[in-house]
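J.: So that you have it, the file is target-v3.cif, and it contains mmCIF, C-alpha atoms:
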data_query
loop_
_atom_site.label_atom_id
_atom_site.label_comp_id
_atom_site.auth_asym_id
_atom_site.auth_seq_id
_atom_site.Cartn_x
_atom_site.Cartn_y
_atom_site.Cartn_z
CA MET R 883 0.00 0.00 0.00
CA THR R 884 1.31 3.46 -0.85
CA TYR R 885 0.96 6.65 1.15
CA ALA R 886 -0.81 8.26 -1.80
CA PHE R 887 -3.52 5.57 -1.62
CA ILE R 888 -4.07 6.47 2.04
CA CYS R 889 -4.07 10.24 1.44
CA LEU R 890 -6.35 10.48 -1.59
CA PRO R 891 -9.64 9.76 0.25
CA PHE R 892 -8.86 12.49 2.79
CA LEU R 893 -8.12 14.98 0.02
CA ALA R 894 -11.25 14.01 -1.88
CA VAL R 895 -13.53 14.42 1.15
CA ALA R 896 -11.90 17.75 2.07
CA LEU R 897 -12.32 19.07 -1.47
CA VAL R 898 -15.98 18.02 -1.69
CA VAL R 899 -16.80 19.59 1.70
CA ALA R 900 -14.92 22.79 0.71
CA LEU R 901 -16.83 23.03 -2.56
CA VAL R 902 -20.18 22.46 -0.83
CA ALA R 903 -19.40 25.09 1.80
CA SER R 904 -18.17 27.50 -0.84
CA ARG R 905 -21.49 27.29 -2.68
CA THR R 906 -23.25 28.66 0.43
CA LEU R 907 -21.23 31.90 0.28
CA PRO R 908 -22.05 35.01 -1.74
CA PRO R 909 -19.81 35.37 -4.84
CA GLY R 910 -17.57 38.11 -3.39
CA GLU R 911 -17.02 36.23 -0.16
CA ARG R 912 -16.46 33.02 -2.12
CA ARG R 913 -13.61 34.65 -4.10
CA ARG R 914 -12.03 35.97 -0.90
CA ARG R 915 -12.35 32.55 0.73
CA TRP R 916 -10.57 30.79 -2.16
CA ALA R 917 -7.86 33.46 -2.24
CA ALA R 918 -7.31 33.07 1.51
CA THR R 919 -7.32 29.29 1.12
CA GLY R 920 -4.65 29.55 -1.57
CA ILE R 921 -2.46 31.78 0.59
CA ALA R 922 -2.87 29.51 3.61
CA ALA R 923 -2.10 26.45 1.48
CA ALA R 924 1.10 28.05 0.16
CA VAL R 925 2.25 28.90 3.68
CA LEU R 926 1.48 25.40 4.96
CA VAL R 927 3.25 23.76 2.02
CA VAL R 928 6.40 25.79 2.69
CA LEU R 929 6.27 25.05 6.43
CA THR R 930 5.64 21.36 5.77
CA ALA R 931 8.57 21.18 3.34
CA VAL R 932 10.92 22.87 5.80
CA PHE R 933 9.94 21.10 9.00
CA ASP R 934 9.35 17.65 7.51
CA SER R 935 12.75 17.87 5.79
CA ILE R 936 14.36 18.77 9.11
CA MET R 937 12.64 15.91 10.93
CA ILE R 938 13.50 13.40 8.19
CA ALA R 939 17.13 14.57 8.13
CA ALA R 940 17.27 14.21 11.94
CA GLY R 941 16.08 10.63 11.62
CA LEU R 942 12.83 11.16 13.54
CA PHE R 943 10.92 9.28 10.88
CA GLY R 944 11.30 7.90 7.38
CA TYR R 945 9.42 6.19 4.61
CA ALA R 946 9.75 2.62 3.44
CA ASP R 947 10.90 2.11 -0.13
CA GLY R 948 8.07 1.34 -2.51
CA THR R 949 5.44 3.20 -0.50
CA ARG R 950 6.06 6.65 -2.01
CA LEU R 951 5.28 8.06 -5.43
CA GLY R 952 8.87 9.26 -5.74
CA PRO R 953 8.89 13.08 -6.07
CA VAL R 954 10.12 14.99 -3.03
CA VAL R 955 10.23 18.60 -1.91
CA GLY R 956 13.37 18.95 0.14
CA LEU R 957 13.39 15.57 1.83
CA ALA R 958 9.60 15.37 2.17
CA PRO R 959 7.72 13.11 -0.24
CA VAL R 960 4.81 14.78 -2.02
CA GLU R 961 2.38 12.62 -0.05
CA ASP R 962 3.36 14.54 3.10
CA PHE R 963 1.57 17.57 1.71
CA ALA R 964 -1.83 15.88 1.51
CA TYR R 965 -2.77 16.40 5.14
CA PRO R 966 -1.93 20.11 5.34
CA ILE R 967 -3.82 20.69 2.09
CA ALA R 968 -6.81 18.68 3.36
CA THR R 969 -6.74 20.69 6.58
CA VAL R 970 -6.60 24.05 4.82
CA LEU R 971 -9.63 23.00 2.76
CA LEU R 972 -11.62 21.32 5.52
CA VAL R 973 -11.30 23.62 8.54
CA PRO R 974 -12.81 26.78 6.99
CA ALA R 975 -15.43 24.68 5.20
CA VAL R 976 -16.59 23.05 8.42
CA TRP R 977 -16.58 26.46 10.11
CA THR R 978 -18.74 27.90 7.33
CA LEU R 979 -21.22 25.03 7.43
CA ALA R 980 -21.43 25.05 11.25
CA ARG R 981 -21.90 28.83 11.34
CA ARG R 982 -24.62 28.59 8.70
CA ARG R 983 -26.37 25.82 10.62
CA ALA R 984 -26.21 27.82 13.88
CA ALA R 985 -27.63 30.89 12.14
CA LYS R 986 -30.47 28.80 10.69
CA ALA R 987 -31.22 27.31 14.12
CA ALA R 988 -31.29 30.77 15.70
CA HIS R 989 -33.60 32.02 12.96
CA ASP R 990 -35.92 29.01 13.41
CA GLU R 991 -36.23 29.81 17.14
CA ASP R 992 -37.59 33.28 16.39
#
Would you encode the structure as structure tokens?
T.:
Amino acid sequence: MTYAFICLPFLAVALVVALVASRTLPPGERRRRWAATGIAAAVLVVLTAVFDSIMIAAGLFGYADGTRLGPVVGLAPVEDFAYPIATVLLVPAVWTLARRRAAKAAHDED
């Protein structure tokens, strides 16, 4: 089993939830959300590349041969970037959906 095989379902779910949440936003807010998501993703990718490379170089963890796709950024295999990307998609999406649900519940109480 490869790490990519493990990561892809998480990325797929995060992307679907992000797209669903995005559709609940007005167009202007939707554009700002995707721009902010892109900036946050870039920052997390850089931080992941730096810190995972440091930890791999220090011998804190490694990857078995045959379980990676092959490409690396620094010392970090590309699969290492799946979880930060899933997080940057999923956290604001869940926040948006939860906030919308809370607002609907408050409106229903009135």
J.: Selection in question (the file shown): the PyMOL selection byres ((chain R and resi 958) around 8). Which residues does it include, as a list in words?
T.: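 Answer for the PyMOL selection byres ((chain R and resi 958) around 8): Ala931, Asp934, Ser935, Ile938, Val954, Val955, Gly956, Leu957, Pro959, Val960 and Asp962 of chain R.
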J.: For Leu971 (chain R), which residue out of R:Leu907, R:Ile888, R:Ala900, R:Val895 is the nearest one, using all atoms listed in the file?
T.: R:Ala900
J.: List as CSV every residue of region 883-953 of chain R that is in contact with region 976-982 of chain R, defined as an atom at most 10 Å from one of its atoms (using only C-alpha atoms), together with the nearest atom pair and the distance in Å rounded to one decimal, sorted by chain and then rising number.
T.:
residue,atom,partner,partner_atom,distance
R:Ala896,CA,R:Val976,CA,9.5
R:Val899,CA,R:Val976,CA,7.6
R:Ala900,CA,R:Val976,CA,7.9
R:Val902,CA,R:Leu979,CA,8.7
R:Ala903,CA,R:Leu979,CA,5.9
R:Ser904,CA,R:Thr978,CA,8.2
R:Thr906,CA,R:Leu979,CA,8.1
R:Leu907,CA,R:Thr978,CA,8.5
J.: Check the smallest atom-to-atom distance from each of R:Leu890, R:Ile936, R:Arg913, R:Pro908 to Ala968 (chain R) using all atoms listed in the file, then report the winner.
T.: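 Going through R:Leu890, R:Ile936, R:Arg913, R:Pro908 one by one, the smallest distance to Ala968 (chain R) is for R:Leu890.
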J.: As an exercise, work out the distance from CA of Ala886 (chain R) to CA of Thr919 (chain R) in Å and give it to one decimal place.
T.: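 A separation of 22.2 Å between them.
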J.: Just need the box for region 979-988 of chain R, edges along x, y and z, holding every atom the file lists for it with 6 Å tacked onto each side, so centre and edge lengths in Å to one decimal, as AutoDock Vina command-line options.
T.:
--center_x -26.3 --center_y 28.0 --center_z 11.6 --size_x 22.1 --size_y 17.9 --size_z 20.3
J.: Find the residue from R:Leu897, R:Thr949, R:His989, R:Gly941 that sits nearest to Glu961 (chain R); use all atoms listed in the file when measuring.
T.: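 Looking only at the distances to Glu961 (chain R), the closest residue turns out to be R:Thr949.
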J.: Calculate how many Å separate CA of Leu893 (chain R) from CA of Val973 (chain R), rounding to one decimal.
T.: 12.5 Å
